[in-house]
file protein-v5.cif (mmCIF, C-alpha atoms)
data_my_file
loop_
_atom_site.label_atom_id
_atom_site.label_comp_id
_atom_site.auth_asym_id
_atom_site.auth_seq_id
_atom_site.Cartn_x
_atom_site.Cartn_y
_atom_site.Cartn_z
CA MET A 6 -53.49 17.54 -34.75
CA LYS A 7 -54.92 15.33 -32.03
CA ILE A 8 -55.91 11.90 -33.36
CA GLU A 9 -58.34 9.60 -31.57
CA VAL A 10 -59.76 6.28 -32.76
CA ILE A 11 -63.09 4.73 -31.89
CA LEU A 12 -62.22 1.05 -32.00
CA ALA A 13 -65.68 -0.49 -31.62
CA PRO A 14 -69.27 0.54 -32.41
CA ALA A 15 -70.23 0.11 -28.77
CA GLU A 16 -68.51 3.49 -28.28
CA LEU A 17 -70.73 5.31 -30.81
CA PRO A 18 -73.63 6.26 -28.49
CA ALA A 19 -71.23 8.39 -26.42
CA LEU A 20 -70.68 10.67 -29.42
CA ALA A 21 -74.15 12.12 -28.91
CA GLY A 22 -72.89 13.80 -25.74
CA ARG A 23 -69.69 15.20 -27.27
CA ASP A 24 -69.12 18.52 -28.95
CA LEU A 25 -67.78 17.52 -32.37
CA SER A 26 -68.18 20.94 -33.96
CA GLY A 27 -64.40 21.37 -34.21
CA THR A 28 -63.65 17.76 -35.14
CA ALA A 29 -63.17 15.98 -38.45
CA CYS A 30 -64.43 12.39 -38.46
CA VAL A 31 -63.34 9.67 -40.86
CA VAL A 32 -65.57 6.60 -40.84
CA PHE A 33 -64.10 3.27 -41.93
CA ASP A 34 -66.29 0.33 -42.87
CA VAL A 35 -63.75 -1.33 -45.12
CA LEU A 36 -65.75 -4.55 -45.61
CA ARG A 37 -67.79 -3.07 -47.14
CA ALA A 38 -70.01 0.01 -46.80
CA THR A 39 -67.56 2.90 -47.17
CA SER A 40 -65.70 1.00 -49.89
CA ALA A 41 -68.98 0.59 -51.76
CA PHE A 42 -69.85 4.27 -51.34
CA VAL A 43 -66.60 5.60 -52.78
CA THR A 44 -66.82 3.07 -55.63
CA ALA A 45 -70.34 4.22 -56.48
CA LEU A 46 -69.24 7.86 -56.46
CA HIS A 47 -66.24 7.06 -58.65
CA ASN A 48 -68.57 5.34 -61.11
CA GLY A 49 -70.80 8.38 -61.43
CA ALA A 50 -73.36 8.26 -58.62
CA SER A 51 -74.45 11.77 -57.65
CA ALA A 52 -74.78 11.09 -53.94
CA ILE A 53 -75.19 8.43 -51.27
CA ILE A 54 -77.71 9.06 -48.51
CA PRO A 55 -76.81 6.90 -45.48
CA VAL A 56 -79.67 6.00 -43.15
CA SER A 57 -79.77 3.78 -40.09
CA GLU A 58 -82.93 1.76 -40.67
CA ILE A 59 -84.48 -0.20 -43.52
CA SER A 60 -87.76 1.63 -42.94
CA GLU A 61 -86.04 5.00 -43.42
CA ALA A 62 -84.61 3.90 -46.76
CA MET A 63 -87.96 2.59 -47.94
CA ASP A 64 -89.77 5.77 -46.89
CA ILE A 65 -87.33 7.89 -48.90
CA GLY A 66 -87.76 5.53 -51.84
CA LYS A 67 -91.52 5.98 -51.76
CA LYS A 68 -91.23 9.76 -51.66
CA ARG A 69 -88.46 9.90 -54.26
CA PRO A 70 -89.00 7.21 -56.91
CA ASP A 71 -85.90 8.45 -58.73
CA VAL A 72 -83.52 7.12 -56.04
CA LEU A 73 -82.04 3.64 -55.86
CA LEU A 74 -81.95 1.61 -52.66
CA GLY A 75 -78.86 -0.24 -51.44
CA GLY A 76 -77.69 -2.00 -48.34
CA GLU A 77 -77.48 -5.18 -46.34
CA ARG A 78 -78.31 -6.95 -43.16
CA ASN A 79 -75.88 -9.64 -42.01
CA GLY A 80 -73.99 -9.14 -45.24
CA VAL A 81 -76.93 -10.03 -47.51
CA LYS A 82 -78.91 -7.75 -49.83
CA ILE A 83 -82.07 -6.50 -48.16
CA ARG A 84 -85.31 -8.20 -49.14
CA THR A 85 -88.69 -7.13 -47.78
CA VAL A 86 -92.28 -8.12 -48.45
CA GLU A 87 -92.34 -5.21 -50.92
CA GLY A 88 -89.38 -6.55 -52.89
CA GLU A 89 -85.59 -6.46 -52.79
CA PHE A 90 -83.30 -3.46 -52.81
CA ASP A 91 -81.52 -2.47 -56.02
CA PHE A 92 -78.08 -3.17 -54.55
CA GLY A 93 -76.52 -5.11 -51.75
CA ASN A 94 -73.27 -3.96 -50.16
CA SER A 95 -70.77 -5.24 -52.72
CA PRO A 96 -68.78 -2.41 -54.32
CA ARG A 97 -68.63 -4.48 -57.50
CA GLU A 98 -72.40 -4.09 -57.92
CA TYR A 99 -72.18 -0.32 -58.25
CA THR A 100 -71.20 -0.22 -61.91
CA PRO A 101 -71.25 2.94 -64.06
CA GLU A 102 -74.17 1.61 -66.06
CA LYS A 103 -76.31 1.25 -62.93
CA VAL A 104 -75.32 4.28 -60.85
CA ARG A 105 -74.34 7.10 -63.18
CA GLY A 106 -76.30 10.23 -62.25
CA LYS A 107 -78.24 8.42 -59.53
CA THR A 108 -78.77 9.10 -55.85
CA ILE A 109 -78.50 5.96 -53.73
CA VAL A 110 -80.12 5.57 -50.32
CA SER A 111 -78.16 3.04 -48.30
CA THR A 112 -78.64 1.31 -44.97
CA THR A 113 -76.11 -1.19 -43.64
CA THR A 114 -75.64 -3.04 -40.39
CA ASN A 115 -72.81 -0.83 -39.14
CA GLY A 116 -71.40 1.63 -41.68
CA THR A 117 -74.37 3.94 -42.14
CA ARG A 118 -75.01 3.90 -38.40
CA ALA A 119 -71.45 5.08 -37.77
CA LEU A 120 -71.77 7.86 -40.32
CA ARG A 121 -74.99 9.12 -38.77
CA ALA A 122 -73.40 9.07 -35.30
CA CYS A 123 -70.86 11.61 -36.55
CA ALA A 124 -73.43 14.01 -37.98
CA GLY A 125 -72.50 16.76 -35.50
CA ALA A 126 -68.87 16.91 -36.62
CA LYS A 127 -67.34 19.77 -38.57
CA THR A 128 -66.47 17.38 -41.38
CA VAL A 129 -67.43 13.73 -41.92
CA LEU A 130 -65.55 11.64 -44.47
CA ALA A 131 -66.16 8.13 -45.80
CA GLY A 132 -62.78 6.45 -45.59
CA SER A 133 -61.41 3.33 -47.27
CA PHE A 134 -58.17 1.90 -48.55
CA LEU A 135 -59.45 2.79 -52.02
CA ASN A 136 -59.13 6.55 -51.43
CA MET A 137 -56.75 6.60 -48.45
CA GLY A 138 -54.12 8.87 -50.00
CA ALA A 139 -56.59 11.52 -51.13
CA THR A 140 -58.25 11.49 -47.71
CA ALA A 141 -54.91 11.90 -45.92
CA LYS A 142 -53.87 14.76 -48.21
CA PHE A 143 -57.12 16.61 -47.53
CA LEU A 144 -56.75 16.17 -43.76
CA ARG A 145 -53.16 17.41 -43.77
CA GLU A 146 -54.01 20.47 -45.85
CA SER A 147 -57.10 21.32 -43.78
CA ASN A 148 -55.18 21.51 -40.48
CA PHE A 149 -57.97 20.18 -38.31
CA GLU A 150 -57.22 20.45 -34.62
CA ASN A 151 -59.07 17.24 -33.75
CA LEU A 152 -59.41 14.11 -35.84
CA LEU A 153 -61.63 11.20 -34.88
CA LEU A 154 -61.21 7.95 -36.81
CA VAL A 155 -64.33 5.82 -36.43
CA CYS A 156 -64.13 2.05 -36.94
CA ALA A 157 -67.65 0.92 -37.86
CA GLY A 158 -67.03 -2.64 -36.68
CA THR A 159 -69.22 -5.73 -36.79
CA GLY A 160 -72.35 -5.73 -34.69
CA GLU A 161 -71.07 -4.25 -31.42
CA ARG A 162 -67.61 -5.71 -31.91
CA THR A 163 -64.31 -4.41 -33.25
CA ALA A 164 -63.53 -5.20 -36.90
CA LEU A 165 -59.84 -5.81 -37.58
CA GLU A 166 -59.93 -4.35 -41.10
CA ASP A 167 -61.33 -1.03 -39.86
CA VAL A 168 -58.71 -0.75 -37.12
CA LEU A 169 -55.94 -1.44 -39.63
CA ALA A 170 -57.32 1.21 -41.99
CA ALA A 171 -57.34 3.72 -39.14
CA GLY A 172 -53.75 2.76 -38.37
CA ALA A 173 -52.76 3.17 -42.01
CA LEU A 174 -54.22 6.66 -42.13
CA GLY A 175 -52.53 7.51 -38.84
CA GLU A 176 -49.17 6.45 -40.24
CA ILE A 177 -49.56 8.75 -43.25
CA LEU A 178 -50.56 11.69 -41.09
CA LEU A 179 -47.66 11.13 -38.70
CA GLY A 180 -45.28 11.09 -41.66
CA GLY A 181 -46.58 14.44 -42.88
CA GLY A 182 -46.20 16.40 -39.66
CA THR A 183 -46.69 16.34 -35.95
CA ALA A 184 -49.67 14.63 -34.38
CA GLU A 185 -50.73 13.76 -30.87
CA LEU A 186 -52.04 10.21 -30.65
CA SER A 187 -54.53 9.00 -28.08
CA ASP A 188 -54.07 5.52 -26.63
CA SER A 189 -56.66 4.18 -29.06
CA ALA A 190 -54.81 5.74 -32.01
CA GLN A 191 -51.57 4.16 -30.80
CA ILE A 192 -53.31 0.77 -30.68
CA ALA A 193 -54.49 1.15 -34.30
CA LEU A 194 -51.07 2.31 -35.45
CA ALA A 195 -49.28 -0.55 -33.68
CA ALA A 196 -51.69 -3.08 -35.21
CA PHE A 197 -51.05 -1.67 -38.68
CA HIS A 198 -47.27 -1.69 -38.23
CA GLN A 199 -47.42 -5.33 -37.18
CA THR A 200 -49.44 -6.43 -40.21
CA LYS A 201 -48.65 -4.06 -43.07
CA GLY A 202 -46.04 -6.40 -44.52
CA ASP A 203 -48.87 -8.72 -45.55
CA LEU A 204 -52.07 -6.78 -44.98
CA THR A 205 -54.14 -9.00 -47.28
CA ARG A 206 -53.23 -12.10 -45.30
CA ALA A 207 -53.93 -10.39 -41.98
CA ILE A 208 -57.32 -9.05 -43.00
CA GLY A 209 -58.16 -12.37 -44.65
CA LYS A 210 -58.28 -13.85 -41.15
CA SER A 211 -60.79 -11.27 -39.90
CA GLU A 212 -64.37 -12.20 -39.11
CA ASN A 213 -65.86 -10.18 -41.96
CA ALA A 214 -63.34 -11.40 -44.53
CA ARG A 215 -63.85 -15.05 -43.58
CA ARG A 216 -67.60 -14.63 -43.91
CA LEU A 217 -67.31 -13.01 -47.34
CA LEU A 218 -64.71 -15.48 -48.58
CA ALA A 219 -67.10 -18.31 -47.75
CA ILE A 220 -69.75 -16.88 -50.13
CA PRO A 221 -68.80 -17.51 -53.78
CA ASP A 222 -70.58 -14.40 -55.10
CA LEU A 223 -68.94 -12.12 -52.54
CA ARG A 224 -65.45 -13.51 -52.02
CA ASP A 225 -63.92 -11.14 -54.60
CA ASP A 226 -65.11 -8.18 -52.53
CA VAL A 227 -62.28 -8.71 -50.05
CA GLU A 228 -59.51 -8.30 -52.62
CA PHE A 229 -61.35 -5.38 -54.23
CA CYS A 230 -61.75 -3.46 -50.97
CA LEU A 231 -58.08 -3.85 -50.03
CA GLN A 232 -56.79 -2.08 -53.15
CA ARG A 233 -54.83 1.01 -52.19
CA ASP A 234 -55.41 4.48 -53.65
CA ILE A 235 -57.23 3.58 -56.84
CA PHE A 236 -59.56 6.57 -56.41
CA ASP A 237 -58.16 10.09 -56.12
CA PHE A 238 -60.97 11.94 -54.36
CA VAL A 239 -62.43 12.64 -50.95
CA ALA A 240 -65.95 11.48 -50.06
CA ALA A 241 -67.62 13.85 -47.59
CA LEU A 242 -70.99 14.19 -45.93
CA ASP A 243 -72.75 17.24 -47.37
CA GLY A 244 -75.99 17.74 -45.47
CA ASP A 245 -77.56 14.30 -45.43
CA ALA A 246 -75.66 12.91 -48.41
CA ILE A 247 -72.13 11.72 -49.16
CA LYS A 248 -70.67 13.36 -52.25
CA ILE A 249 -67.31 13.84 -53.88
CA LEU A 250 -65.72 16.83 -52.21
CA LYS A 251 -64.99 19.44 -54.84
CA PRO A 252 -61.63 21.28 -54.69
#

call {"tool": "encode", "arguments": {"input": "protein-v5.cif", "output": "structure tokens"}}
result
Amino acid sequence: MKIEVILAPAELPALAGRDLSGTACVVFDVLRATSAFVTALHNGASAIIPVSEISEAMDIGKKRPDVLLGGERNGVKIRTVEGEFDFGNSPREYTPEKVRGKTIVSTTTNGTRALRACAGAKTVLAGSFLNMGATAKFLRESNFENLLLVCAGTGERTALEDVLAAGALGEILLGGGTAELSDSAQIALAAFHQTKGDLTRAIGKSENARRLLAIPDLRDDVEFCLQRDIFDFVAALDGDAIKILKP
């Protein structure tokens, strides 16, 4: 397996010119989009439809009044002249009582954009620390020739937490067999090895974590999103929606 890591969202536009038909992509937006998506699915949501723009989400909502709208801009729940979305981007909002049996249309600053950029891939997974083990197991058993780990980032910048998640997944895959690491994958793995002794402290210094920790209503999201392997399933893009991948 050849493993490559996209370290910053500024690299995403180049994916449009690549043949990803034989590649599996794992998108990490640890704080917080992909963590929120897998939490919503665990709590009973039927599907998450990721879209790039607020207008896209609202258009789907008008055509399908049964869906719920979620997402953020600059970390804050989206509010428009037509009202506010049902959810922000906190995984703790997506409770069983609110999401069970529902389809959620989500647009976030970086995470949904990264997922859409990978649409041409053979397989696209929503990755997080929350379902890291299940994701790694699926990748090992599927024997993909090429694996692209996509760090959603912050704006156009690298996000430390996403790079460390990519490194964590790389470590598991290396332990389960042979893999060929690109330079970018080696960077992610080295960063994870340097910080894994106290990952919470390291990520707590990241730009996204510091921003969330400064907001009383959102500070608990950081600890929540850094939990390891509390969900035993794979979240995969099926058509235009992320769903739990059935065995």

call {"tool": "residues_around", "arguments": {"input": "protein-v5.cif", "residues": "segment 11-24 of chain A", "least_positions_apart": "4", "cutoff": "10 Å", "atoms": "all atoms listed in the file", "output": "count of residues only"}}
result
34

call {"tool": "resolve_selection", "arguments": {"input": "protein-v5.cif", "expression": "the PyMOL selection byres ((chain A and resi 54-59) around 8)", "output": "VMD selection string"}}
result
chain A and resid 52 to 53 60 to 63 108 to 114 117 to 118 120 to 121 245 to 247

call {"tool": "residues_near_point", "arguments": {"input": "protein-v5.cif", "point": "(-67.3, -13.6, -46.5)", "cutoff": "9 Å", "atoms": "only C-alpha atoms", "output": "number ranges by chain"}}
result
A: 80, 212-221, 223-224, 226-227

call {"tool": "write_last_selection", "arguments": {"input": "protein-v5.cif", "atoms": "C-alpha atoms", "output": "PDB file, in the coordinates of the input"}}
result
ATOM      1  CA  GLY A  80     -73.990  -9.140 -45.240  1.00  0.00           C
ATOM      2  CA  GLU A 212     -64.370 -12.200 -39.110  1.00  0.00           C
ATOM      3  CA  ASN A 213     -65.860 -10.180 -41.960  1.00  0.00           C
ATOM      4  CA  ALA A 214     -63.340 -11.400 -44.530  1.00  0.00           C
ATOM      5  CA  ARG A 215     -63.850 -15.050 -43.580  1.00  0.00           C
ATOM      6  CA  ARG A 216     -67.600 -14.630 -43.910  1.00  0.00           C
ATOM      7  CA  LEU A 217     -67.310 -13.010 -47.340  1.00  0.00           C
ATOM      8  CA  LEU A 218     -64.710 -15.480 -48.580  1.00  0.00           C
ATOM      9  CA  ALA A 219     -67.100 -18.310 -47.750  1.00  0.00           C
ATOM     10  CA  ILE A 220     -69.750 -16.880 -50.130  1.00  0.00           C
ATOM     11  CA  PRO A 221     -68.800 -17.510 -53.780  1.00  0.00           C
ATOM     12  CA  LEU A 223     -68.940 -12.120 -52.540  1.00  0.00           C
ATOM     13  CA  ARG A 224     -65.450 -13.510 -52.020  1.00  0.00           C
ATOM     14  CA  ASP A 226     -65.110  -8.180 -52.530  1.00  0.00           C
ATOM     15  CA  VAL A 227     -62.280  -8.710 -50.050  1.00  0.00           C
TER      16      VAL A 227
END

call {"tool": "atom_distance", "arguments": {"input": "protein-v5.cif", "atom1": "atom CA of Glu228 of chain A", "atom2": "atom CA of Arg145 of chain A"}}
result
27.9 Å

call {"tool": "resolve_selection", "arguments": {"input": "protein-v5.cif", "expression": "the PyMOL selection byres ((chain A and resi 8) around 7)", "output": "PDB file with C-alpha atoms, in the coordinates of the input"}}
result
ATOM      1  CA  MET A   6     -53.490  17.540 -34.750  1.00  0.00           C
ATOM      2  CA  LYS A   7     -54.920  15.330 -32.030  1.00  0.00           C
ATOM      3  CA  GLU A   9     -58.340   9.600 -31.570  1.00  0.00           C
ATOM      4  CA  VAL A  10     -59.760   6.280 -32.760  1.00  0.00           C
ATOM      5  CA  ASN A 151     -59.070  17.240 -33.750  1.00  0.00           C
ATOM      6  CA  LEU A 152     -59.410  14.110 -35.840  1.00  0.00           C
ATOM      7  CA  LEU A 153     -61.630  11.200 -34.880  1.00  0.00           C
ATOM      8  CA  ALA A 184     -49.670  14.630 -34.380  1.00  0.00           C
ATOM      9  CA  GLU A 185     -50.730  13.760 -30.870  1.00  0.00           C
ATOM     10  CA  LEU A 186     -52.040  10.210 -30.650  1.00  0.00           C
ATOM     11  CA  SER A 187     -54.530   9.000 -28.080  1.00  0.00           C
ATOM     12  CA  ALA A 190     -54.810   5.740 -32.010  1.00  0.00           C
TER      13      ALA A 190
END

call {"tool": "atom_distance", "arguments": {"input": "protein-v5.cif", "atom1": "atom CA of Ala173 of chain A", "atom2": "atom CA of Asn148 of chain A"}}
result
18.6 Å

call {"tool": "residues_around", "arguments": {"input": "protein-v5.cif", "residues": "segment 194-210 of chain A", "least_positions_apart": "3", "cutoff": "6 Å", "atoms": "all atoms listed in the file", "output": "list of chain:residue names"}}
result
A:Glu166, A:Leu169, A:Gly172, A:Gln191, A:Ala214

call {"tool": "closest_residue", "arguments": {"input": "protein-v5.cif", "among": "A:Phe92, A:Glu176, A:Ala29, A:Arg97", "to": "Ala241 of chain A", "atoms": "all atoms listed in the file"}}
result
A:Ala29

call {"tool": "residues_around", "arguments": {"input": "protein-v5.cif", "residues": "Asn136 of chain A", "least_positions_apart": "4", "cutoff": "12 Å", "atoms": "only C-alpha atoms", "output": "number ranges by chain"}}
result
A: 31, 33, 35, 39-44, 46-47, 130-132, 140-143, 170, 173-174, 230-241, 249

call {"tool": "atom_distance", "arguments": {"input": "protein-v5.cif", "atom1": "atom CA of Ile177 of chain A", "atom2": "atom CA of Leu36 of chain A"}}
result
21.1 Å

call {"tool": "resolve_selection", "arguments": {"input": "protein-v5.cif", "expression": "the PyMOL selection byres ((chain A and resi 75) around 6)", "output": "compact mmCIF listing (two decimals) with C-alpha atoms, keeping the file's coordinate frame"}}
result
# COMPACT_ATOMS: atom_id res chain seq x y z
CA LEU A 74 -81.95 1.61 -52.66
CA GLY A 76 -77.69 -2.00 -48.34
CA PHE A 90 -83.30 -3.46 -52.81
CA ASP A 91 -81.52 -2.47 -56.02
CA PHE A 92 -78.08 -3.17 -54.55
CA GLY A 93 -76.52 -5.11 -51.75
CA SER A 111 -78.16 3.04 -48.30

call {"tool": "closest_residue", "arguments": {"input": "protein-v5.cif", "among": "A:Leu25, A:Ile65, A:Val81, A:Val129", "to": "Asp222 of chain A", "atoms": "only C-alpha atoms"}}
result
A:Val81

call {"tool": "residues_around", "arguments": {"input": "protein-v5.cif", "residues": "Arg105 of chain A", "least_positions_apart": "3", "cutoff": "6 Å", "atoms": "all atoms listed in the file", "output": "ChimeraX atom specification"}}
result
/A:49-50,101

call {"tool": "closest_residue", "arguments": {"input": "protein-v5.cif", "among": "A:Ser51, A:Thr128, A:Ser211, A:Thr100", "to": "Cys30 of chain A", "atoms": "all atoms listed in the file"}}
result
A:Thr128

call {"tool": "closest_residue", "arguments": {"input": "protein-v5.cif", "among": "A:Arg37, A:Lys103, A:Lys248, A:Lys67", "to": "Asn79 of chain A", "atoms": "all atoms listed in the file"}}
result
A:Arg37
